[in-house]
Amino acid sequence: MRTWEDPVAGRFGLVVTRTEEHGVTVRLPGSAFNRHDGRWRLSSCLAAVDVAGGVSTGLAAFPQWTLTADIELHRVPGPATGPLDVVGSVVKHGRRLSLARVALGHPGSDAPVALGHVNHVMTTPPFAPAFSALRVGEALALTAGPGDGQTPADAFGLVHTRGREGGPAVRMECDDRTRNFYGVLHGAMTGVMVEEIAARAGIRVDAVTLRFLRGVPKGWARADIVDRLTVGTREVLCIEVFGEEEAAVATRITVSGVRTDEEVITRG
């Protein structure tokens with residue numbers, strides 16, 4: 001199996017297999033980022049979804065590259081343990097936008113545990129040769145150097161703070177641990193921040209939508225709850241991520257789920 005060093009995606013232990021001309025399967029084989037009970041974290045699933053959608057649309061756009069514009073993911077209630085496969089396939093490829101479908105499920109099972117879509121915009125740099133050189137059936141393991149931390153929050157240096165009206169908020173620095181190949185905060189880091197805020201707010205997330213508006217090229221990014229809706233036992237949070245140096249909104253996120261007393265969603 002080939003390997004390719006990716007400081008961010010490699011920490012999640014992802015393995016990418018090209019399954020068709022414009023489609024891949026990303027395996028989440030299990031890593032230190034699993035909870036103590038083996039259940040998958042939202043941040044790990046979103047990292048795999050980002051890669052599955054990005055590589056699928058990137059193969060369709062070759063020799064161009066694609067950048068994630070938005071992600072929508074809906075999970076089936078209940079724990080998801082053991083290896084997971086994220087199957088990405090292109091729904092429609094256009095000159096400006098490319099849409100991929102993603103389905104998360106256990107290897108060999110026809111019953112998905114989550115479904116979603118990832119939308120991408122075209123950009124000019126060439127597609128990564130490590131991915132475009134893959135033949136159908138070949139796999140590529142994403143690797144990263146040794147790092148500290150048994151949770152994504154610890155590994156990527158997330159810092160807890162207080163947000164609007166004393167609610168939960170988090171900060172993360174755009175550095176070598178967290179930036180992508182374009183030198184801006186990696187999209188997977190948004191998943192880490194959202195996971196932490198939702199946990200501190202007491203919500204077990206079953207649906208999330210992320211809309212990437214601009215990059216955070218340097219300094220610190222901050223995520224804060226800007227709106228909250230409660231209907232019975234269900235909660236909806238609107239979260240904004242912005243670059244503190246630019247004071248501009250980078251990502252707008254909506255999450256929904258059921259209130260829970262279990263604040264160890266990210267810690268245990």
# chains A, B, ... in the order shown; residues from 1 in each chain; ligands from 1

call {"tool": "select_by_dssp", "arguments": {"residues": "region 31-247 of chain A", "states": "strand (DSSP E)", "output": "number ranges by chain"}}
result
A: 65-75, 84-93, 97-105, 112-123, 139-143, 159-162, 168-173, 203-212, 220-231, 234-243

call {"tool": "residues_around", "arguments": {"residues": "Ile239 (chain A)", "least_positions_apart": "5", "cutoff": "9 Å", "atoms": "only C-alpha atoms", "output": "ChimeraX atom specification"}}
result
/A:194,197,223-228,251-255

call {"tool": "closest_atom_pairs", "arguments": {"of": "region 23-84 of chain A", "to": "region 98-108 of chain A", "cutoff": "8 Å", "atoms": "only C-alpha atoms", "output": "tab-separated table"}}
result
residue	atom	partner	partner_atom	distance
A:Val49	CA	A:Val102	CA	6.7
A:Ala52	CA	A:Val102	CA	7.2
A:Gly53	CA	A:Ala100	CA	5.4
A:Ser56	CA	A:Ala100	CA	7.0
A:Thr57	CA	A:Ser98	CA	6.1
A:Gly82	CA	A:His106	CA	7.4
A:Pro83	CA	A:His106	CA	6.2
A:Leu84	CA	A:His106	CA	4.7

call {"tool": "atom_distance", "arguments": {"atom1": "CA of Thr81 (chain A)", "atom2": "CA of Arg41 (chain A)"}}
result
9.8 Å

call {"tool": "closest_residue", "arguments": {"among": "A:Gly243, A:Gly191, A:Pro152, A:Gly13", "to": "Pro217 (chain A)", "atoms": "only C-alpha atoms"}}
result
A:Gly243

call {"tool": "atom_distance", "arguments": {"atom1": "CA of Ala155 (chain A)", "atom2": "CA of Phe12 (chain A)"}}
result
10.4 Å

call {"tool": "closest_residue", "arguments": {"among": "A:Asn119, A:Leu158, A:His74, A:Val16", "to": "Leu42 (chain A)", "atoms": "only C-alpha atoms"}}
result
A:His74

call {"tool": "closest_residue", "arguments": {"among": "A:Cys238, A:Val91, A:Ala141, A:Val159", "to": "Glu5 (chain A)", "atoms": "only C-alpha atoms"}}
result
A:Ala141

call {"tool": "atom_distance", "arguments": {"atom1": "CA of Arg211 (chain A)", "atom2": "CA of Ile71 (chain A)"}}
result
6.7 Å

call {"tool": "residues_around", "arguments": {"residues": "Thr19 (chain A)", "least_positions_apart": "5", "cutoff": "10 Å", "atoms": "only C-alpha atoms", "output": "list in words"}}
result
Val24, Thr25, Val26, Ser56, Val87, Gly88, Ser89, Leu134, Arg135, Val136, Gly137, Glu138 and Ala139 of chain A

call {"tool": "write_last_selection", "arguments": {"atoms": "N, CA and C atoms", "output": "short mmCIF file (atom, residue, chain, number, x, y, z; two decimals), in the first residue's frame"}}
result
data_model
loop_
_atom_site.label_atom_id
_atom_site.label_comp_id
_atom_site.auth_asym_id
_atom_site.auth_seq_id
_atom_site.Cartn_x
_atom_site.Cartn_y
_atom_site.Cartn_z
N VAL A 24 -14.13 7.18 -4.63
CA VAL A 24 -13.20 6.57 -3.68
C VAL A 24 -13.97 6.09 -2.45
N THR A 25 -13.33 5.21 -1.71
CA THR A 25 -13.79 4.83 -0.38
C THR A 25 -12.70 5.18 0.61
N VAL A 26 -13.07 5.90 1.66
CA VAL A 26 -12.13 6.28 2.71
C VAL A 26 -12.43 5.43 3.93
N SER A 56 -12.95 12.52 -4.70
CA SER A 56 -13.86 12.11 -5.78
C SER A 56 -14.06 13.24 -6.79
N VAL A 87 -17.98 6.19 1.50
CA VAL A 87 -17.99 6.01 0.05
C VAL A 87 -18.35 7.34 -0.59
N GLY A 88 -17.45 7.85 -1.41
CA GLY A 88 -17.67 9.10 -2.12
C GLY A 88 -17.84 8.87 -3.61
N SER A 89 -18.82 9.51 -4.21
CA SER A 89 -19.04 9.40 -5.65
C SER A 89 -19.59 10.72 -6.17
N LEU A 134 -3.44 7.09 -8.50
CA LEU A 134 -4.05 5.84 -8.06
C LEU A 134 -4.86 5.20 -9.18
N ARG A 135 -4.67 3.91 -9.36
CA ARG A 135 -5.51 3.16 -10.27
C ARG A 135 -6.70 2.60 -9.50
N VAL A 136 -7.74 2.25 -10.23
CA VAL A 136 -8.92 1.67 -9.59
C VAL A 136 -8.50 0.41 -8.84
N GLY A 137 -8.86 0.35 -7.56
CA GLY A 137 -8.49 -0.78 -6.73
C GLY A 137 -7.27 -0.54 -5.86
N GLU A 138 -6.48 0.49 -6.16
CA GLU A 138 -5.29 0.79 -5.37
C GLU A 138 -5.65 1.67 -4.17
N ALA A 139 -4.85 1.54 -3.10
CA ALA A 139 -5.11 2.26 -1.86
C ALA A 139 -3.93 3.15 -1.49
#

call {"tool": "residues_around", "arguments": {"residues": "Met172 (chain A)", "least_positions_apart": "4", "cutoff": "10 Å", "atoms": "only C-alpha atoms", "output": "PyMOL selection string"}}
result
chain A and resi 153+156-160+178+185+189-190+192-193+219-223+243

call {"tool": "decode", "arguments": {"residues": "region 57-84 of chain A", "atoms": "N, CA and C atoms", "output": "PDB file, in the first residue's frame"}}
result
ATOM      1  N   THR A  57     -14.355  14.439  -6.293  1.00  0.00           N
ATOM      2  CA  THR A  57     -14.557  15.562  -7.209  1.00  0.00           C
ATOM      3  C   THR A  57     -13.239  15.993  -7.836  1.00  0.00           C
ATOM      4  N   GLY A  58     -12.141  15.841  -7.092  1.00  0.00           N
ATOM      5  CA  GLY A  58     -10.842  16.183  -7.656  1.00  0.00           C
ATOM      6  C   GLY A  58     -10.473  15.295  -8.838  1.00  0.00           C
ATOM      7  N   LEU A  59     -10.789  14.003  -8.734  1.00  0.00           N
ATOM      8  CA  LEU A  59     -10.535  13.094  -9.851  1.00  0.00           C
ATOM      9  C   LEU A  59     -11.353  13.495 -11.079  1.00  0.00           C
ATOM     10  N   ALA A  60     -12.586  13.962 -10.830  1.00  0.00           N
ATOM     11  CA  ALA A  60     -13.428  14.408 -11.940  1.00  0.00           C
ATOM     12  C   ALA A  60     -12.910  15.705 -12.537  1.00  0.00           C
ATOM     13  N   ALA A  61     -12.253  16.535 -11.718  1.00  0.00           N
ATOM     14  CA  ALA A  61     -11.774  17.839 -12.173  1.00  0.00           C
ATOM     15  C   ALA A  61     -10.368  17.787 -12.746  1.00  0.00           C
ATOM     16  N   PHE A  62      -9.687  16.656 -12.606  1.00  0.00           N
ATOM     17  CA  PHE A  62      -8.296  16.549 -13.057  1.00  0.00           C
ATOM     18  C   PHE A  62      -8.125  17.112 -14.468  1.00  0.00           C
ATOM     19  N   PRO A  63      -7.083  17.958 -14.681  1.00  0.00           N
ATOM     20  CA  PRO A  63      -5.936  18.243 -13.823  1.00  0.00           C
ATOM     21  C   PRO A  63      -6.130  19.415 -12.862  1.00  0.00           C
ATOM     22  N   GLN A  64      -7.358  19.875 -12.664  1.00  0.00           N
ATOM     23  CA  GLN A  64      -7.587  20.913 -11.667  1.00  0.00           C
ATOM     24  C   GLN A  64      -7.728  20.292 -10.280  1.00  0.00           C
ATOM     25  N   TRP A  65      -7.937  21.145  -9.302  1.00  0.00           N
ATOM     26  CA  TRP A  65      -8.164  20.738  -7.916  1.00  0.00           C
ATOM     27  C   TRP A  65      -9.536  21.261  -7.503  1.00  0.00           C
ATOM     28  N   THR A  66     -10.076  20.732  -6.406  1.00  0.00           N
ATOM     29  CA  THR A  66     -11.338  21.252  -5.887  1.00  0.00           C
ATOM     30  C   THR A  66     -11.168  21.660  -4.433  1.00  0.00           C
ATOM     31  N   LEU A  67     -11.918  22.661  -4.036  1.00  0.00           N
ATOM     32  CA  LEU A  67     -11.942  23.119  -2.652  1.00  0.00           C
ATOM     33  C   LEU A  67     -13.345  22.923  -2.085  1.00  0.00           C
ATOM     34  N   THR A  68     -13.421  22.467  -0.840  1.00  0.00           N
ATOM     35  CA  THR A  68     -14.721  22.231  -0.216  1.00  0.00           C
ATOM     36  C   THR A  68     -15.461  23.542  -0.009  1.00  0.00           C
ATOM     37  N   ALA A  69     -16.704  23.590  -0.497  1.00  0.00           N
ATOM     38  CA  ALA A  69     -17.553  24.768  -0.300  1.00  0.00           C
ATOM     39  C   ALA A  69     -18.543  24.541   0.834  1.00  0.00           C
ATOM     40  N   ASP A  70     -19.140  23.354   0.901  1.00  0.00           N
ATOM     41  CA  ASP A  70     -20.049  23.061   2.001  1.00  0.00           C
ATOM     42  C   ASP A  70     -20.191  21.557   2.173  1.00  0.00           C
ATOM     43  N   ILE A  71     -20.525  21.163   3.400  1.00  0.00           N
ATOM     44  CA  ILE A  71     -20.727  19.762   3.760  1.00  0.00           C
ATOM     45  C   ILE A  71     -22.060  19.646   4.491  1.00  0.00           C
ATOM     46  N   GLU A  72     -22.827  18.622   4.129  1.00  0.00           N
ATOM     47  CA  GLU A  72     -24.067  18.308   4.830  1.00  0.00           C
ATOM     48  C   GLU A  72     -24.035  16.840   5.214  1.00  0.00           C
ATOM     49  N   LEU A  73     -24.235  16.539   6.496  1.00  0.00           N
ATOM     50  CA  LEU A  73     -24.149  15.160   6.957  1.00  0.00           C
ATOM     51  C   LEU A  73     -25.257  14.884   7.963  1.00  0.00           C
ATOM     52  N   HIS A  74     -25.957  13.751   7.769  1.00  0.00           N
ATOM     53  CA  HIS A  74     -27.018  13.322   8.672  1.00  0.00           C
ATOM     54  C   HIS A  74     -26.676  11.918   9.163  1.00  0.00           C
ATOM     55  N   ARG A  75     -26.666  11.759  10.475  1.00  0.00           N
ATOM     56  CA  ARG A  75     -26.303  10.481  11.075  1.00  0.00           C
ATOM     57  C   ARG A  75     -27.523   9.773  11.654  1.00  0.00           C
ATOM     58  N   VAL A  76     -27.506   8.438  11.576  1.00  0.00           N
ATOM     59  CA  VAL A  76     -28.549   7.634  12.188  1.00  0.00           C
ATOM     60  C   VAL A  76     -28.307   7.618  13.695  1.00  0.00           C
ATOM     61  N   PRO A  77     -29.323   7.883  14.512  1.00  0.00           N
ATOM     62  CA  PRO A  77     -29.119   7.864  15.965  1.00  0.00           C
ATOM     63  C   PRO A  77     -28.582   6.513  16.431  1.00  0.00           C
ATOM     64  N   GLY A  78     -27.709   6.554  17.416  1.00  0.00           N
ATOM     65  CA  GLY A  78     -27.133   5.334  17.953  1.00  0.00           C
ATOM     66  C   GLY A  78     -25.632   5.303  17.745  1.00  0.00           C
ATOM     67  N   PRO A  79     -24.921   4.469  18.486  1.00  0.00           N
ATOM     68  CA  PRO A  79     -23.465   4.426  18.409  1.00  0.00           C
ATOM     69  C   PRO A  79     -22.977   3.783  17.120  1.00  0.00           C
ATOM     70  N   ALA A  80     -21.864   4.272  16.638  1.00  0.00           N
ATOM     71  CA  ALA A  80     -21.197   3.678  15.478  1.00  0.00           C
ATOM     72  C   ALA A  80     -19.800   3.268  15.917  1.00  0.00           C
ATOM     73  N   THR A  81     -19.565   1.963  15.985  1.00  0.00           N
ATOM     74  CA  THR A  81     -18.281   1.445  16.422  1.00  0.00           C
ATOM     75  C   THR A  81     -17.682   0.573  15.336  1.00  0.00           C
ATOM     76  N   GLY A  82     -16.397   0.263  15.498  1.00  0.00           N
ATOM     77  CA  GLY A  82     -15.715  -0.561  14.520  1.00  0.00           C
ATOM     78  C   GLY A  82     -15.321   0.233  13.297  1.00  0.00           C
ATOM     79  N   PRO A  83     -14.644  -0.405  12.335  1.00  0.00           N
ATOM     80  CA  PRO A  83     -14.229   0.299  11.123  1.00  0.00           C
ATOM     81  C   PRO A  83     -15.418   0.879  10.373  1.00  0.00           C
ATOM     82  N   LEU A  84     -15.214   2.041   9.759  1.00  0.00           N
ATOM     83  CA  LEU A  84     -16.225   2.677   8.933  1.00  0.00           C
ATOM     84  C   LEU A  84     -15.650   2.971   7.557  1.00  0.00           C
TER      85      LEU A  84
END
